[in-house]
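Please read the structure below before turning to the comments.
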Amino acid sequence: MNIPIAKPFLGPEEEEAAVRAIRSGWVSQGPLVKEFEERFAEYVGAKYAIATTSCTTALHSALVVSGIGPGDEVVVPSLSFIATANAVVHAGAVPVFADIDPETCNVTAETIQKAITRKTRAVMPVHQMGLPVDLDPIADLCRERGLKLIEDAACAIGSEYKGKRIGGHGNIACFSFHPRKIITTGEGGMITTDDSEQAARLRRFRHHGMSVSDIERHTADRIIIETYPEIGYNYRMTDIQAAIGIIQLGKMPVILLRRRELARAYDKGLADHPCLRVPRVPEYAFHNYQSYWLEILCSSSISRDELMQALLDRGIATRRGIMAIHLEKCYEAIRVSLPDTERLTRSAVLLPIFPDMKLEQVEYVLQCIKGSLLAV
Ligand SMILES: *Cc1c(COP(=O)(O)O)cnc(C)c1O
């Protein structure tokens, strides 16, 4: 058996849509990006959606239009993909790392509070591995302290907080369409917001700061001379990508169903094991299971890395738990002690989960895990 850690859920429908986009003669950002944005906004329950080249560029844009820049601090988790902190640096600001609740792998209002200083201007919580943070207390804290709230929702498409989808809670939120995430366009990102002025500025910012979009100019019956009110970037998604994204978005119900079924099978097989701890999903959350992790407890006879190797020897790909950004060389100047983050990054492992995965494959992974834990 050979089981990858993840696999995009793409089929002939995406191929045909991409071919149609190519044959249409319009391949850069155009009518299909607009359609994808409208459908995405409707899906998550936001007023506006703005497509970008990635979640990293989405986060950078979101920080800039929120007024974050040099001299400002932004509170982020360290237990996250490094792009979370990099986006803050790209905006000219300084990331300040908050610890997490080990039950959920997410920052909380309490852990964020400890990282707030006089220079804090924004908080960027991450819905890690698709599990929503406890958003209301964090939003209350931000309101009390006058801080901007930007959700890093890279992994959280389709997840819900208190019955409402992530992206639909009135904050600016950023999503990823990298193949490791829930749906993919190869590379790509999306920003959602309910603020019309913010949405308009985001559209300019990703388009070289230009006052008019290509599609507006193309469909106008009078000439338009564009202006450049501010310096922007080229963060545009292509219509070929959007064509794929539209089809992918339509597959969300089946993707969620499959992922949750696989996660339940993992839960059932692992929950009572004395050497393991599996994720806990709080009452408030509907989890899309972008990733499935478990913690190898110190009572285990083998280490996390030994288990990963034993599984690889049996054809099962795993990944270490989420990285701790503050332990990477490029962030070594920031000295901070985050005990729960440091423990979990060493003791957690991510297991294979993807919509095409068979329940028999989950059974095989479970067998191999239990066998490895007994073997020593
Ligand atoms: C994947 C990921 C990103 C970066 O997404 P890209 O689309 O690859 O730029 C940012 N934040 C988190 C939490 C992620 O998991």
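In the structure tokens, each chain is lettered A, B, ... as it comes, each chain's residues begin at 1, and ligands are numbered from 1 in order of appearance.
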
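Residues in contact with ligand 1 (atom pairs separated by at most 8 Å; only C-alpha atoms and all ligand atoms) are Thr53, Ser54, Cys55, Thr56, Thr57, Ala58, Leu59, Ser80, Phe81, Ile82, Ala83, Thr84, Val126, His127, Gln128, Met129, Asp152, Ala153, Ala154, Cys155, Phe175, Ser176, Phe177, His178, Arg180, Lys181, Glu187, Gly188 and Gly189 of chain A.
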
Mind writing the picked residues with C-alpha atoms as a CSV table (one decimal), in the first residue's frame?
```csv
chain,number,residue,atom,x,y,z
A,53,THR,CA,-2.5,34.6,-6.0
A,54,SER,CA,-2.2,32.9,-2.6
A,55,CYS,CA,-3.3,33.1,1.1
A,56,THR,CA,0.1,34.7,1.8
A,57,THR,CA,-0.6,37.6,-0.6
A,58,ALA,CA,-4.2,37.7,0.7
A,59,LEU,CA,-2.9,38.2,4.3
A,80,SER,CA,1.2,27.8,12.3
A,81,PHE,CA,2.6,27.6,8.8
A,82,ILE,CA,5.4,30.2,8.5
A,83,ALA,CA,3.4,32.3,6.0
A,84,THR,CA,1.2,33.6,8.8
A,126,VAL,CA,-5.4,31.0,12.7
A,127,HIS,CA,-8.2,28.4,12.3
A,128,GLN,CA,-5.5,25.8,12.5
A,129,MET,CA,-6.0,22.7,10.4
A,152,ASP,CA,-6.1,33.4,8.8
A,153,ALA,CA,-8.6,31.0,7.4
A,154,ALA,CA,-6.2,29.3,5.0
A,155,CYS,CA,-7.4,25.9,6.0
A,175,PHE,CA,-8.3,31.6,2.5
A,176,SER,CA,-5.9,29.4,0.5
A,177,PHE,CA,-6.3,27.2,-2.6
A,178,HIS,CA,-3.0,25.5,-2.3
A,180,ARG,CA,-2.8,20.8,0.6
A,181,LYS,CA,-6.0,22.8,1.6
A,187,GLU,CA,-2.1,28.2,-6.2
A,188,GLY,CA,-4.5,30.9,-5.1
A,189,GLY,CA,-6.2,32.8,-2.3
```

Next on the checklist: For A:Met210, find every residue with an atom within 9 Å (counting only C-alpha atoms), except residues of its own chain fewer than 5 positions away, and show them as JSON, numbers by chain.
Outcome noted: {"A": [203, 204, 205, 226, 227, 228, 229, 230, 231, 232]}

Item to check | helix (DSSP H, G or I) call set, DSSP backbone run, stretch 6-154 of chain A, as a ChimeraX atom specification | outcome: /A:12-24,31-44,55-65,83-90,109-115,128-130,135-145

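Considering the residues A:Arg121, A:Leu32, A:Gly11, A:Ala51 and counting only C-alpha atoms, A:Tyr235 has its shortest atom-to-atom contact with A:Ala51.
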
Closest atom pairs, residues of stretch 30-62 of chain A within 8 Å of stretch 241-252 of chain A, only C-alpha atoms, as a tab-separated table:
```
residue	atom	partner	partner_atom	distance
A:Leu32	CA	A:Ala242	CA	5.6
A:Val33	CA	A:Ala242	CA	5.1
A:Glu35	CA	A:Ile246	CA	7.8
A:Phe36	CA	A:Ile246	CA	5.4
A:Arg39	CA	A:Ile246	CA	7.6
A:Phe40	CA	A:Leu249	CA	7.4
```

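Around A:Pro70, within 8 Å and counting only C-alpha atoms, the residues found are Ile68, Asp72, Ala91, Gly92, Ala93 and Val94 of chain A, once anything fewer than 2 positions away on its own chain is removed.
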
Next on the checklist: Show me, as an NGL selection string, the residues that have an atom within 9 Å of A:Asn171 when counting only C-alpha atoms, minus same-chain residues fewer than 5 positions from it.
Outcome noted: :A and (139 or 148-151 or 192-195)

If you keep all heavy atoms, can you produce a file of those selected residues as a PDB file, in the first residue's frame?
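Result saved to part.pdb:
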```
ATOM      1  N   ALA A 139     -12.940  38.396  19.334  1.00  0.00           N
ATOM      2  CA  ALA A 139     -13.536  39.610  18.739  1.00  0.00           C
ATOM      3  C   ALA A 139     -13.844  40.638  19.829  1.00  0.00           C
ATOM      4  O   ALA A 139     -13.622  41.842  19.637  1.00  0.00           O
ATOM      5  CB  ALA A 139     -14.793  39.243  17.951  1.00  0.00           C
ATOM      6  N   LYS A 148      -7.428  45.637  15.168  1.00  0.00           N
ATOM      7  CA  LYS A 148      -7.997  45.015  13.971  1.00  0.00           C
ATOM      8  C   LYS A 148      -7.955  43.500  14.137  1.00  0.00           C
ATOM      9  O   LYS A 148      -7.035  42.961  14.757  1.00  0.00           O
ATOM     10  CB  LYS A 148      -7.177  45.388  12.733  1.00  0.00           C
ATOM     11  CG  LYS A 148      -7.032  46.876  12.525  1.00  0.00           C
ATOM     12  CD  LYS A 148      -8.273  47.470  11.925  1.00  0.00           C
ATOM     13  CE  LYS A 148      -8.022  48.947  11.609  1.00  0.00           C
ATOM     14  NZ  LYS A 148      -9.227  49.627  11.157  1.00  0.00           N
ATOM     15  N   LEU A 149      -8.947  42.840  13.561  1.00  0.00           N
ATOM     16  CA  LEU A 149      -9.006  41.376  13.621  1.00  0.00           C
ATOM     17  C   LEU A 149      -9.000  40.836  12.195  1.00  0.00           C
ATOM     18  O   LEU A 149      -9.876  41.162  11.392  1.00  0.00           O
ATOM     19  CB  LEU A 149     -10.282  40.947  14.363  1.00  0.00           C
ATOM     20  CG  LEU A 149     -10.614  39.460  14.439  1.00  0.00           C
ATOM     21  CD1 LEU A 149      -9.455  38.639  14.979  1.00  0.00           C
ATOM     22  CD2 LEU A 149     -11.855  39.248  15.298  1.00  0.00           C
ATOM     23  N   ILE A 150      -7.973  40.062  11.879  1.00  0.00           N
ATOM     24  CA  ILE A 150      -7.849  39.454  10.550  1.00  0.00           C
ATOM     25  C   ILE A 150      -7.761  37.950  10.749  1.00  0.00           C
ATOM     26  O   ILE A 150      -6.891  37.466  11.474  1.00  0.00           O
ATOM     27  CB  ILE A 150      -6.577  39.971   9.830  1.00  0.00           C
ATOM     28  CG1 ILE A 150      -6.685  41.489   9.601  1.00  0.00           C
ATOM     29  CG2 ILE A 150      -6.348  39.228   8.517  1.00  0.00           C
ATOM     30  CD1 ILE A 150      -5.379  42.137   9.186  1.00  0.00           C
ATOM     31  N   GLU A 151      -8.682  37.200  10.141  1.00  0.00           N
ATOM     32  CA  GLU A 151      -8.681  35.748  10.322  1.00  0.00           C
ATOM     33  C   GLU A 151      -7.809  35.085   9.249  1.00  0.00           C
ATOM     34  O   GLU A 151      -8.052  35.277   8.059  1.00  0.00           O
ATOM     35  CB  GLU A 151     -10.105  35.197  10.220  1.00  0.00           C
ATOM     36  CG  GLU A 151     -11.044  35.716  11.302  1.00  0.00           C
ATOM     37  CD  GLU A 151     -12.475  35.233  11.082  1.00  0.00           C
ATOM     38  OE1 GLU A 151     -12.680  34.024  10.916  1.00  0.00           O
ATOM     39  OE2 GLU A 151     -13.379  36.087  11.051  1.00  0.00           O
ATOM     40  N   THR A 192     -12.223  37.674   2.173  1.00  0.00           N
ATOM     41  CA  THR A 192     -13.634  38.051   2.290  1.00  0.00           C
ATOM     42  C   THR A 192     -13.768  39.199   3.282  1.00  0.00           C
ATOM     43  O   THR A 192     -13.006  39.288   4.248  1.00  0.00           O
ATOM     44  CB  THR A 192     -14.511  36.865   2.744  1.00  0.00           C
ATOM     45  OG1 THR A 192     -14.008  36.356   3.986  1.00  0.00           O
ATOM     46  CG2 THR A 192     -14.518  35.756   1.704  1.00  0.00           C
ATOM     47  N   THR A 193     -14.742  40.051   3.018  1.00  0.00           N
ATOM     48  CA  THR A 193     -15.012  41.203   3.895  1.00  0.00           C
ATOM     49  C   THR A 193     -16.455  41.658   3.677  1.00  0.00           C
ATOM     50  O   THR A 193     -17.037  41.407   2.622  1.00  0.00           O
ATOM     51  CB  THR A 193     -14.031  42.371   3.612  1.00  0.00           C
ATOM     52  OG1 THR A 193     -14.406  43.501   4.405  1.00  0.00           O
ATOM     53  CG2 THR A 193     -14.039  42.782   2.146  1.00  0.00           C
ATOM     54  N   ASP A 194     -16.999  42.346   4.682  1.00  0.00           N
ATOM     55  CA  ASP A 194     -18.340  42.929   4.541  1.00  0.00           C
ATOM     56  C   ASP A 194     -18.267  44.429   4.254  1.00  0.00           C
ATOM     57  O   ASP A 194     -19.295  45.086   4.125  1.00  0.00           O
ATOM     58  CB  ASP A 194     -19.151  42.703   5.825  1.00  0.00           C
ATOM     59  CG  ASP A 194     -19.688  41.276   5.904  1.00  0.00           C
ATOM     60  OD1 ASP A 194     -19.596  40.548   4.892  1.00  0.00           O
ATOM     61  OD2 ASP A 194     -20.188  40.890   6.986  1.00  0.00           O
ATOM     62  N   ASP A 195     -17.045  44.961   4.168  1.00  0.00           N
ATOM     63  CA  ASP A 195     -16.849  46.403   4.053  1.00  0.00           C
ATOM     64  C   ASP A 195     -16.598  46.764   2.585  1.00  0.00           C
ATOM     65  O   ASP A 195     -15.600  46.360   1.992  1.00  0.00           O
ATOM     66  CB  ASP A 195     -15.641  46.773   4.940  1.00  0.00           C
ATOM     67  CG  ASP A 195     -15.322  48.257   4.925  1.00  0.00           C
ATOM     68  OD1 ASP A 195     -15.550  48.911   3.889  1.00  0.00           O
ATOM     69  OD2 ASP A 195     -14.833  48.755   5.954  1.00  0.00           O
TER      70      ASP A 195
END
```

Checklist entry - So, counting only C-alpha atoms, which residue among A:His326, A:Arg304, A:Lys358, A:Arg280 is closest to A:Glu261? => result A:Lys358

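For the choices A:Glu295, A:Lys47, A:Leu327, A:Ala85, the atom-to-atom distance to A:Pro339 is smallest for A:Leu327 when using only C-alpha atoms.
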
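When DSSP reads the backbone of this structure, the residues of stretch 217-287 of chain A it assigns to strand (DSSP E) are Leu276, Arg277, Ala285 and Phe286 of chain A.
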
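Atom CA of A:Asp140 sits 16.8 Å away from atom CA of A:Ala173.
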
Checklist entry - Can you tell me, as a list in words, what residues are no more than 12 Å from A:Leu141 when counting only C-alpha atoms, ignoring any on the same chain fewer than 2 positions away? => result Thr108, Ala109, Glu110, Thr111, Ile112, Gln113, Lys114, Ile116, Ala122, Val123, Asp134, Leu135, Asp136, Pro137, Ile138, Ala139, Arg143, Glu144, Arg145, Gly146, Leu147, Lys148 and Leu149 of chain A

Keeping only N, CA and C atoms, take the residues you just selected and write them out as a short mmCIF file (atom, residue, chain, number, x, y, z; two decimals), in the first residue's frame.
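That gives us part-v2.cif:
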```
data_model
loop_
_atom_site.label_atom_id
_atom_site.label_comp_id
_atom_site.auth_asym_id
_atom_site.auth_seq_id
_atom_site.Cartn_x
_atom_site.Cartn_y
_atom_site.Cartn_z
N THR A 108 -6.24 31.50 21.91
CA THR A 108 -7.49 31.86 22.58
C THR A 108 -7.37 33.32 23.02
N ALA A 109 -8.49 33.89 23.46
CA ALA A 109 -8.46 35.28 23.95
C ALA A 109 -7.41 35.40 25.06
N GLU A 110 -7.28 34.37 25.90
CA GLU A 110 -6.33 34.42 27.02
C GLU A 110 -4.89 34.42 26.53
N THR A 111 -4.57 33.52 25.60
CA THR A 111 -3.17 33.47 25.14
C THR A 111 -2.82 34.72 24.32
N ILE A 112 -3.81 35.26 23.61
CA ILE A 112 -3.57 36.48 22.83
C ILE A 112 -3.30 37.66 23.76
N GLN A 113 -4.13 37.74 24.81
CA GLN A 113 -4.02 38.84 25.77
C GLN A 113 -2.59 38.98 26.30
N LYS A 114 -1.95 37.84 26.57
CA LYS A 114 -0.58 37.85 27.13
C LYS A 114 0.43 38.43 26.16
N ILE A 116 -0.23 40.97 24.00
CA ILE A 116 -0.57 42.35 23.62
C ILE A 116 0.35 43.34 24.34
N ALA A 122 -3.07 44.79 15.68
CA ALA A 122 -3.95 43.79 15.08
C ALA A 122 -3.71 42.42 15.69
N VAL A 123 -4.72 41.57 15.55
CA VAL A 123 -4.63 40.17 15.98
C VAL A 123 -4.99 39.32 14.77
N ASP A 134 -12.08 29.98 18.98
CA ASP A 134 -13.26 30.49 19.70
C ASP A 134 -13.31 32.00 19.42
N LEU A 135 -14.03 32.35 18.37
CA LEU A 135 -13.93 33.67 17.77
C LEU A 135 -14.55 34.79 18.62
N ASP A 136 -15.68 34.54 19.27
CA ASP A 136 -16.39 35.64 19.97
C ASP A 136 -15.53 36.31 21.05
N PRO A 137 -14.91 35.52 21.96
CA PRO A 137 -14.06 36.19 22.97
C PRO A 137 -12.89 36.95 22.35
N ILE A 138 -12.35 36.45 21.23
CA ILE A 138 -11.25 37.15 20.57
C ILE A 138 -11.76 38.46 19.95
N ALA A 139 -12.94 38.40 19.33
CA ALA A 139 -13.54 39.61 18.74
C ALA A 139 -13.84 40.64 19.83
N ARG A 143 -12.26 44.39 20.12
CA ARG A 143 -13.13 45.57 20.19
C ARG A 143 -12.74 46.43 21.40
N GLU A 144 -12.57 45.78 22.57
CA GLU A 144 -12.20 46.51 23.78
C GLU A 144 -10.88 47.27 23.62
N ARG A 145 -9.91 46.61 22.97
CA ARG A 145 -8.58 47.20 22.86
C ARG A 145 -8.39 48.01 21.58
N GLY A 146 -9.42 48.10 20.74
CA GLY A 146 -9.31 48.85 19.48
C GLY A 146 -8.34 48.22 18.50
N LEU A 147 -8.31 46.89 18.43
CA LEU A 147 -7.39 46.19 17.54
C LEU A 147 -8.12 45.64 16.32
N LYS A 148 -7.43 45.64 15.17
CA LYS A 148 -8.00 45.01 13.97
C LYS A 148 -7.95 43.50 14.14
N LEU A 149 -8.95 42.84 13.56
CA LEU A 149 -9.01 41.38 13.62
C LEU A 149 -9.00 40.84 12.19
#
```

Item to check | Best match for closeness to A:Gly269 among A:His90, A:Cys368, A:Ile157, A:Asp340, counting only C-alpha atoms | outcome: A:Cys368

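Distance check against A:Asp267 using only C-alpha atoms: of A:Asp239, A:Glu363, A:Asp313, A:Asp99, the minimum falls on A:Glu363.
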